[in-house]
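Quick notes on the structure that follows.
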Amino acid sequence: MKKLIAGNWKMNGTQASAMDLISAIGIGLDENPSLTDTCDFLVCPPALHLTIVKDAIEGTNAPVSIGGQDCSANDNGAHTGDVSSDMLADIGCEYVILGHSERRADHEETSAYISEKAGRALISGLKVIICVGEQEEEREEGREFDVVAKQLRESLPNSASAANTVIAYEPVWAIGTGKAATTDDVAAMHSFIRKTLQEKLADAGDIRILYGGSVKPDNAGDLFKVENVDGALIGGASLKADQYLGIAKAV
Ligand code: 13P
């Protein structure tokens with residue numbers, strides 16, 4: 001299975017910087033075409049920048065998919081300020097990230113709500129990247145497996161399958177801290193996630209499980225060697241084309 005190199009740009013940048021970033025990624029991929037033998041590429045810009053980034057990708061034929069960082073649980077209609085999964089699909093998104101720990105924290109999103117959003121996104125034909133991960137104190141208390149199992153059981157909609165769903169394990173304490181999880185911890189959690197998915201999905205063996213949390217070019221090689229690590233969900237390092245592509249080169 002190719003590794004999915006997914007950049008979560010979060011709430012960063014301007015139209016100009018988004019254009020600079022996607023064009024630098026496109027040029028880098030043009031210069032290193034063999035990267036697409038081992039990796040699939042995805043960027044998730046802020047909602048307001050999705051269209052210009054999509055247009056730039058289409059203009060250069062760069063082998064990069066785009067995705068949203070969130071979507072509404074509702075169908076189109078009277079939901080001021082929200083972005084629907086139909087709208088994301090309409091402008092050419094292939095993926096949407098759901099249940100990121102920053103949304104769980106900033107917007108008090110529960111796993112049940114994330115499951116509703118995911119069900120809606122799948123109806124729109126998007127693939128969903130469902131994020132799970134424990135807080136630091138939950139790990140200190142030895143509860144990381146229970147927390148992640150509960151998030152998985154409650155966040156996945158019944159329509160999920162390996163073809164339309166990706167799981168991202170992002171321990172909250174590793175996000176933006178420069179303190180990635182150890183390869184032993186990642187190995188244990190990713191294998192646990194795959195086993196837990198087997199309760200619900202007949203094709204759990206084929207589902208992609210990404211690791212996220214302080215992934216950089218210098219730790220990506222070791223992380224990618226870990227069994228059941230099928231790619232990375234990258235925050236800070238995805239905002240620099242050389243680092244984003246450096247992570248792919250580490251495959
Ligand atoms: P960092 O790579 O900045 O730690 O962020 C990870 C993340 O939250 C990706 O969704």
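Chain lettering (A, B, ...) mirrors the order of the structure tokens, residue numbering begins at 1 for each chain separately, and ligand numbering begins at 1 in order of display.
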So that I can check the surroundings of A:His190, please list as a PDB file with C-alpha atoms, in the first residue's frame every protein, DNA and RNA residue that reaches within 8 Å of it, counting only C-alpha atoms and ignoring chain neighbours fewer than 2 positions away.
ATOM      1  CA  TYR A 169      -3.722   8.315  15.265  1.00  0.00           C
ATOM      2  CA  VAL A 186       3.235   3.898  17.592  1.00  0.00           C
ATOM      3  CA  ALA A 187       3.664   0.191  16.780  1.00  0.00           C
ATOM      4  CA  ALA A 188       1.578  -0.850  19.784  1.00  0.00           C
ATOM      5  CA  PHE A 192      -4.311  -2.124  18.520  1.00  0.00           C
ATOM      6  CA  ILE A 193      -6.276   0.213  16.202  1.00  0.00           C
ATOM      7  CA  ARG A 194      -6.274  -2.370  13.423  1.00  0.00           C
ATOM      8  CA  ILE A 209      -3.798   4.141   9.522  1.00  0.00           C
ATOM      9  CA  GLU A 227       4.163  -1.996  10.854  1.00  0.00           C
ATOM     10  CA  ASN A 228       0.652  -0.601  10.313  1.00  0.00           C
ATOM     11  CA  VAL A 229       1.885   2.954   9.674  1.00  0.00           C
TER      12      VAL A 229
END
So that each row is one residue of chain A with an atom at most 7 Å from ligand 1, can you give its shortest atom pair and the distance in Å to one decimal, using only C-alpha atoms and all ligand atoms, rows by chain and rising number, as a Markdown table?
| residue | atom | partner | partner_atom_place_in_ligand_line | distance |
| --- | --- | --- | --- | --- |
| A:Asn8 | CA | ligand 1 | 10 (O) | 5.2 |
| A:His100 | CA | ligand 1 | 10 (O) | 6.6 |
| A:Glu170 | CA | ligand 1 | 8 (O) | 6.7 |
| A:Ala174 | CA | ligand 1 | 4 (O) | 6.0 |
| A:Ile175 | CA | ligand 1 | 4 (O) | 3.5 |
| A:Gly176 | CA | ligand 1 | 4 (O) | 3.6 |
| A:Thr177 | CA | ligand 1 | 4 (O) | 6.2 |
| A:Gly178 | CA | ligand 1 | 4 (O) | 6.6 |
| A:Gly212 | CA | ligand 1 | 6 (C) | 5.0 |
| A:Gly213 | CA | ligand 1 | 4 (O) | 3.8 |
| A:Ser214 | CA | ligand 1 | 4 (O) | 3.5 |
| A:Val215 | CA | ligand 1 | 2 (O) | 5.2 |
| A:Leu233 | CA | ligand 1 | 9 (C) | 4.9 |
| A:Ile234 | CA | ligand 1 | 2 (O) | 4.2 |
| A:Gly235 | CA | ligand 1 | 5 (O) | 3.4 |
| A:Gly236 | CA | ligand 1 | 3 (O) | 3.7 |
| A:Ala237 | CA | ligand 1 | 2 (O) | 5.9 |
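The shortest atom-to-atom distance to A:Leu4, with only C-alpha atoms taken into account, belongs to A:Asp40 out of A:Glu134, A:Glu58, A:Asp40, A:Asp20.
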Would you mind listing what lies within 8 Å of A:Thr183 as an mmCIF file with N, CA and C atoms, in the first residue's frame, with only C-alpha atoms counted and same-chain residues fewer than 2 positions away left out?
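Result went into out-v1.cif, see below:
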data_model
loop_
_atom_site.group_PDB
_atom_site.id
_atom_site.type_symbol
_atom_site.label_atom_id
_atom_site.label_comp_id
_atom_site.auth_asym_id
_atom_site.auth_seq_id
_atom_site.Cartn_x
_atom_site.Cartn_y
_atom_site.Cartn_z
ATOM 1 N N ALA A 181 5.579 10.563 19.199
ATOM 2 C CA ALA A 181 5.519 9.304 19.943
ATOM 3 C C ALA A 181 6.702 8.427 19.526
ATOM 4 N N ASP A 185 5.715 2.938 20.849
ATOM 5 C CA ASP A 185 4.344 3.346 21.194
ATOM 6 C C ASP A 185 3.454 3.373 19.949
ATOM 7 N N VAL A 186 4.012 3.839 18.835
ATOM 8 C CA VAL A 186 3.235 3.898 17.592
ATOM 9 C C VAL A 186 2.909 2.473 17.125
ATOM 10 N N ALA A 187 3.896 1.583 17.197
ATOM 11 C CA ALA A 187 3.664 0.191 16.780
ATOM 12 C C ALA A 187 2.536 -0.434 17.591
ATOM 13 N N ASP A 222 11.926 6.447 10.321
ATOM 14 C CA ASP A 222 11.723 5.447 11.381
ATOM 15 C C ASP A 222 10.233 5.160 11.585
ATOM 16 N N LEU A 223 9.418 6.213 11.555
ATOM 17 C CA LEU A 223 7.971 6.012 11.753
ATOM 18 C C LEU A 223 7.378 5.168 10.626
ATOM 19 N N VAL A 226 7.529 1.354 10.778
ATOM 20 C CA VAL A 226 6.707 0.658 11.769
ATOM 21 C C VAL A 226 5.533 -0.017 11.062
#
So that I can see what lies close to A:Gly68, please list as a list in words the residues with an atom at most 9 Å from it, counting only C-alpha atoms and leaving out residues fewer than 2 positions away in the same chain. Asn8, Val43, Cys44, Pro45, Pro46, Ala47, Leu50, Ile66, Asp70, Cys71, Ser85, Leu88, Cys93, Glu94, Tyr95, Val96, Ile97 and Leu98 of chain A
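Nearest residue to A:Gly221 among A:Ala16, A:Lys3, A:Met11, A:Val147 is A:Lys3, counting only C-alpha atoms.
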A:Leu35 surroundings by only C-alpha atoms, 9 Å radius, close-in-sequence under 6 positions cut, as a PDB file with all heavy atoms, in the first residue's frame:
ATOM      1  N   LEU A  29       7.455  17.853  -6.863  1.00  0.00           N
ATOM      2  CA  LEU A  29       6.986  16.544  -7.354  1.00  0.00           C
ATOM      3  C   LEU A  29       7.374  16.341  -8.816  1.00  0.00           C
ATOM      4  O   LEU A  29       7.663  15.222  -9.244  1.00  0.00           O
ATOM      5  CB  LEU A  29       5.478  16.417  -7.165  1.00  0.00           C
ATOM      6  CG  LEU A  29       5.042  16.208  -5.713  1.00  0.00           C
ATOM      7  CD1 LEU A  29       3.530  16.268  -5.576  1.00  0.00           C
ATOM      8  CD2 LEU A  29       5.571  14.871  -5.196  1.00  0.00           C
ATOM      9  N   LEU A 245       7.833  17.415   1.394  1.00  0.00           N
ATOM     10  CA  LEU A 245       8.376  16.447   0.431  1.00  0.00           C
ATOM     11  C   LEU A 245       9.513  15.632   1.051  1.00  0.00           C
ATOM     12  O   LEU A 245       9.709  14.465   0.699  1.00  0.00           O
ATOM     13  CB  LEU A 245       8.845  17.169  -0.836  1.00  0.00           C
ATOM     14  CG  LEU A 245       7.711  17.830  -1.624  1.00  0.00           C
ATOM     15  CD1 LEU A 245       8.246  18.668  -2.755  1.00  0.00           C
ATOM     16  CD2 LEU A 245       6.718  16.796  -2.151  1.00  0.00           C
ATOM     17  N   ALA A 248       8.053  12.633   2.497  1.00  0.00           N
ATOM     18  CA  ALA A 248       7.765  11.614   1.467  1.00  0.00           C
ATOM     19  C   ALA A 248       9.057  10.916   1.028  1.00  0.00           C
ATOM     20  O   ALA A 248       9.078   9.708   0.799  1.00  0.00           O
ATOM     21  CB  ALA A 248       7.087  12.266   0.265  1.00  0.00           C
ATOM     22  N   LYS A 249      10.130  11.692   0.958  1.00  0.00           N
ATOM     23  CA  LYS A 249      11.411  11.089   0.541  1.00  0.00           C
ATOM     24  C   LYS A 249      11.879  10.069   1.566  1.00  0.00           C
ATOM     25  O   LYS A 249      12.598   9.121   1.233  1.00  0.00           O
ATOM     26  CB  LYS A 249      12.480  12.184   0.357  1.00  0.00           C
ATOM     27  CG  LYS A 249      12.280  12.980  -0.924  1.00  0.00           C
ATOM     28  CD  LYS A 249      13.269  14.131  -1.060  1.00  0.00           C
ATOM     29  CE  LYS A 249      12.875  15.022  -2.242  1.00  0.00           C
ATOM     30  NZ  LYS A 249      13.476  16.349  -2.182  1.00  0.00           N
ATOM     31  N   VAL A 251      10.176   7.849   2.902  1.00  0.00           N
ATOM     32  CA  VAL A 251       9.575   6.538   2.630  1.00  0.00           C
ATOM     33  C   VAL A 251      10.579   5.718   1.851  1.00  0.00           C
ATOM     34  O   VAL A 251      10.675   4.532   1.969  1.00  0.00           O
ATOM     35  CB  VAL A 251       8.264   6.689   1.826  1.00  0.00           C
ATOM     36  CG1 VAL A 251       7.682   5.333   1.454  1.00  0.00           C
ATOM     37  CG2 VAL A 251       7.238   7.500   2.616  1.00  0.00           C
TER      38      VAL A 251
END
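Look at A:Arg103: the protein and nucleic acid residues within 12 Å of it, using only C-alpha atoms and passing over chain neighbours fewer than 6 places away, are A:Lys10, A:Met11, A:Gln69, A:Asp70, A:Cys71, A:Ile97, A:Glu109, A:Thr110, A:Ser111, A:Tyr113, A:Ile114, A:Ile130, A:Cys131, A:Val132, A:Val172.
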Using N, CA, C and O atoms, can you export the residues from the last selection as a PDB file, in the first residue's frame?
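What landed in part.pdb:
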ATOM      1  N   LYS A  10      -4.139  23.501   8.621  1.00  0.00           N
ATOM      2  CA  LYS A  10      -4.832  24.149   9.748  1.00  0.00           C
ATOM      3  C   LYS A  10      -5.233  25.581   9.372  1.00  0.00           C
ATOM      4  O   LYS A  10      -5.499  25.854   8.199  1.00  0.00           O
ATOM      5  N   MET A  11      -5.277  26.489  10.351  1.00  0.00           N
ATOM      6  CA  MET A  11      -5.765  27.853  10.067  1.00  0.00           C
ATOM      7  C   MET A  11      -4.573  28.774   9.824  1.00  0.00           C
ATOM      8  O   MET A  11      -4.288  29.687  10.611  1.00  0.00           O
ATOM      9  N   GLN A  69     -10.840  20.396   6.055  1.00  0.00           N
ATOM     10  CA  GLN A  69     -10.392  20.111   7.427  1.00  0.00           C
ATOM     11  C   GLN A  69     -11.554  19.786   8.359  1.00  0.00           C
ATOM     12  O   GLN A  69     -11.347  19.441   9.524  1.00  0.00           O
ATOM     13  N   ASP A  70     -12.774  19.933   7.817  1.00  0.00           N
ATOM     14  CA  ASP A  70     -13.975  19.687   8.619  1.00  0.00           C
ATOM     15  C   ASP A  70     -15.161  19.840   7.678  1.00  0.00           C
ATOM     16  O   ASP A  70     -15.027  20.408   6.590  1.00  0.00           O
ATOM     17  N   CYS A  71     -16.317  19.330   8.067  1.00  0.00           N
ATOM     18  CA  CYS A  71     -17.549  19.662   7.348  1.00  0.00           C
ATOM     19  C   CYS A  71     -18.716  19.550   8.312  1.00  0.00           C
ATOM     20  O   CYS A  71     -18.572  19.039   9.428  1.00  0.00           O
ATOM     21  N   ILE A  97     -10.963  15.790   6.661  1.00  0.00           N
ATOM     22  CA  ILE A  97     -10.492  15.404   7.995  1.00  0.00           C
ATOM     23  C   ILE A  97     -11.645  15.621   8.970  1.00  0.00           C
ATOM     24  O   ILE A  97     -12.304  16.669   8.923  1.00  0.00           O
ATOM     25  N   GLU A 109     -16.511  18.870  20.000  1.00  0.00           N
ATOM     26  CA  GLU A 109     -17.092  17.822  19.152  1.00  0.00           C
ATOM     27  C   GLU A 109     -16.960  16.466  19.846  1.00  0.00           C
ATOM     28  O   GLU A 109     -15.880  16.086  20.286  1.00  0.00           O
ATOM     29  N   THR A 110     -18.064  15.756  19.905  1.00  0.00           N
ATOM     30  CA  THR A 110     -18.042  14.409  20.497  1.00  0.00           C
ATOM     31  C   THR A 110     -17.846  13.379  19.383  1.00  0.00           C
ATOM     32  O   THR A 110     -18.068  13.668  18.197  1.00  0.00           O
ATOM     33  N   SER A 111     -17.504  12.172  19.773  1.00  0.00           N
ATOM     34  CA  SER A 111     -17.327  11.111  18.783  1.00  0.00           C
ATOM     35  C   SER A 111     -18.642  10.813  18.051  1.00  0.00           C
ATOM     36  O   SER A 111     -18.645  10.533  16.852  1.00  0.00           O
ATOM     37  N   TYR A 113     -20.961  12.906  17.308  1.00  0.00           N
ATOM     38  CA  TYR A 113     -21.149  13.982  16.326  1.00  0.00           C
ATOM     39  C   TYR A 113     -20.212  13.772  15.125  1.00  0.00           C
ATOM     40  O   TYR A 113     -20.598  13.967  13.970  1.00  0.00           O
ATOM     41  N   ILE A 114     -18.999  13.341  15.408  1.00  0.00           N
ATOM     42  CA  ILE A 114     -18.039  13.081  14.332  1.00  0.00           C
ATOM     43  C   ILE A 114     -18.557  11.945  13.439  1.00  0.00           C
ATOM     44  O   ILE A 114     -18.427  11.989  12.211  1.00  0.00           O
ATOM     45  N   ILE A 130     -10.561  10.052   9.894  1.00  0.00           N
ATOM     46  CA  ILE A 130     -11.087  10.201  11.246  1.00  0.00           C
ATOM     47  C   ILE A 130      -9.922  10.160  12.236  1.00  0.00           C
ATOM     48  O   ILE A 130      -9.138   9.211  12.252  1.00  0.00           O
ATOM     49  N   CYS A 131      -9.810  11.245  13.020  1.00  0.00           N
ATOM     50  CA  CYS A 131      -8.684  11.369  13.945  1.00  0.00           C
ATOM     51  C   CYS A 131      -9.058  10.861  15.332  1.00  0.00           C
ATOM     52  O   CYS A 131     -10.157  11.145  15.829  1.00  0.00           O
ATOM     53  N   VAL A 132      -8.121  10.145  15.920  1.00  0.00           N
ATOM     54  CA  VAL A 132      -8.275   9.680  17.301  1.00  0.00           C
ATOM     55  C   VAL A 132      -6.942   9.910  18.008  1.00  0.00           C
ATOM     56  O   VAL A 132      -5.908  10.089  17.358  1.00  0.00           O
ATOM     57  N   VAL A 172      -2.508  13.600  21.422  1.00  0.00           N
ATOM     58  CA  VAL A 172      -2.650  15.053  21.536  1.00  0.00           C
ATOM     59  C   VAL A 172      -1.360  15.708  22.027  1.00  0.00           C
ATOM     60  O   VAL A 172      -0.978  16.790  21.573  1.00  0.00           O
TER      61      VAL A 172
END
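Using only C-alpha atoms, the smallest distance between any of A:Ser23, A:Thr36, A:Asn74, A:Asn12 and A:Ile57 comes from A:Ser23.
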Report the residues of stretch 64-97 of chain A whose backbone DSSP state falls under alpha helix (DSSP H), written as a PyMOL selection string. chain A and resi 85-90
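Of the residues in stretch 39-199 of chain A, those that DSSP places in strand (DSSP E or B) on the basis of the backbone are Cys39, Asp40, Phe41, Leu42, Val43, Cys44, Val64, Ser65, Ile66, Gly67, Gly68, Tyr95, Val96, Ile97, Leu98, Lys127, Val128, Ile129, Ile130, Cys131, Val132, Thr165, Val166, Ile167, Ala168 and Tyr169 of chain A.
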Restricted to N, CA, C and O atoms, what would the selected residues look like written as a tab-separated table (two decimals), in the first residue's frame?
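Result went into selection-v5.tsv, see below:
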chain	number	residue	atom	x	y	z
A	39	CYS	N	4.18	6.99	-2.71
A	39	CYS	CA	3.33	7.86	-1.88
A	39	CYS	C	2.15	8.42	-2.67
A	39	CYS	O	2.27	8.70	-3.86
A	40	ASP	N	1.04	8.62	-1.96
A	40	ASP	CA	-0.07	9.45	-2.45
A	40	ASP	C	-0.01	10.76	-1.69
A	40	ASP	O	0.31	10.77	-0.49
A	41	PHE	N	-0.34	11.84	-2.36
A	41	PHE	CA	-0.20	13.17	-1.75
A	41	PHE	C	-1.55	13.84	-1.59
A	41	PHE	O	-2.39	13.81	-2.50
A	42	LEU	N	-1.73	14.45	-0.43
A	42	LEU	CA	-2.98	15.14	-0.10
A	42	LEU	C	-2.63	16.41	0.68
A	42	LEU	O	-1.80	16.37	1.58
A	43	VAL	N	-3.27	17.52	0.30
A	43	VAL	CA	-3.17	18.73	1.13
A	43	VAL	C	-4.57	19.17	1.55
A	43	VAL	O	-5.53	19.05	0.78
A	44	CYS	N	-4.67	19.65	2.78
A	44	CYS	CA	-5.95	20.11	3.34
A	44	CYS	C	-5.80	21.56	3.77
A	44	CYS	O	-5.46	21.84	4.92
A	64	VAL	N	-1.59	15.68	-6.71
A	64	VAL	CA	-1.93	16.01	-5.32
A	64	VAL	C	-3.44	16.09	-5.20
A	64	VAL	O	-4.09	16.76	-6.00
A	65	SER	N	-4.00	15.41	-4.21
A	65	SER	CA	-5.44	15.53	-3.93
A	65	SER	C	-5.66	16.63	-2.91
A	65	SER	O	-4.73	16.99	-2.18
A	66	ILE	N	-6.89	17.13	-2.86
A	66	ILE	CA	-7.17	18.11	-1.81
A	66	ILE	C	-8.31	17.61	-0.92
A	66	ILE	O	-9.15	16.80	-1.33
A	67	GLY	N	-8.31	18.14	0.29
A	67	GLY	CA	-9.34	17.77	1.25
A	67	GLY	C	-9.68	18.94	2.14
A	67	GLY	O	-8.89	19.88	2.30
A	68	GLY	N	-10.87	18.88	2.74
A	68	GLY	CA	-11.27	19.87	3.73
A	68	GLY	C	-10.78	19.45	5.12
A	68	GLY	O	-10.37	18.31	5.33
A	95	TYR	N	-11.10	14.24	0.03
A	95	TYR	CA	-11.09	13.84	1.44
A	95	TYR	C	-11.66	14.94	2.33
A	95	TYR	O	-11.69	16.10	1.94
A	96	VAL	N	-12.01	14.56	3.55
A	96	VAL	CA	-12.23	15.54	4.62
A	96	VAL	C	-11.70	14.95	5.92
A	96	VAL	O	-11.89	13.76	6.20
A	97	ILE	N	-10.96	15.79	6.66
A	97	ILE	CA	-10.49	15.40	8.00
A	97	ILE	C	-11.65	15.62	8.97
A	97	ILE	O	-12.30	16.67	8.92
A	98	LEU	N	-11.89	14.66	9.84
A	98	LEU	CA	-12.96	14.83	10.84
A	98	LEU	C	-12.46	14.40	12.21
A	98	LEU	O	-11.65	13.47	12.33
A	127	LYS	N	-13.91	10.80	0.97
A	127	LYS	CA	-13.28	9.85	1.88
A	127	LYS	C	-13.03	10.60	3.18
A	127	LYS	O	-12.70	11.79	3.15
A	128	VAL	N	-13.19	9.91	4.30
A	128	VAL	CA	-13.03	10.59	5.58
A	128	VAL	C	-11.73	10.15	6.26
A	128	VAL	O	-11.35	8.98	6.19
A	129	ILE	N	-11.07	11.12	6.86
A	129	ILE	CA	-9.90	10.83	7.70
A	129	ILE	C	-10.34	11.10	9.13
A	129	ILE	O	-10.54	12.26	9.52
A	130	ILE	N	-10.56	10.05	9.89
A	130	ILE	CA	-11.09	10.20	11.25
A	130	ILE	C	-9.92	10.16	12.24
A	130	ILE	O	-9.14	9.21	12.25
A	131	CYS	N	-9.81	11.24	13.02
A	131	CYS	CA	-8.68	11.37	13.95
A	131	CYS	C	-9.06	10.86	15.33
A	131	CYS	O	-10.16	11.15	15.83
A	132	VAL	N	-8.12	10.15	15.92
A	132	VAL	CA	-8.28	9.68	17.30
A	132	VAL	C	-6.94	9.91	18.01
A	132	VAL	O	-5.91	10.09	17.36
A	165	THR	N	-12.48	5.22	4.13
A	165	THR	CA	-12.12	5.74	5.46
A	165	THR	C	-10.63	5.53	5.74
A	165	THR	O	-10.06	4.50	5.38
A	166	VAL	N	-10.03	6.54	6.35
A	166	VAL	CA	-8.65	6.50	6.82
A	166	VAL	C	-8.70	6.86	8.30
A	166	VAL	O	-9.50	7.71	8.70
A	167	ILE	N	-7.89	6.20	9.10
A	167	ILE	CA	-7.79	6.57	10.52
A	167	ILE	C	-6.47	7.30	10.73
A	167	ILE	O	-5.44	6.91	10.16
A	168	ALA	N	-6.50	8.38	11.50
A	168	ALA	CA	-5.25	9.06	11.87
A	168	ALA	C	-5.10	8.99	13.38
A	168	ALA	O	-5.97	9.48	14.11
A	169	TYR	N	-4.03	8.33	13.83
A	169	TYR	CA	-3.72	8.31	15.27
A	169	TYR	C	-2.83	9.50	15.57
A	169	TYR	O	-1.69	9.58	15.11
Distance atom CA of A:Ala73-atom CA of A:Glu116, one decimal place? 5.6 Å
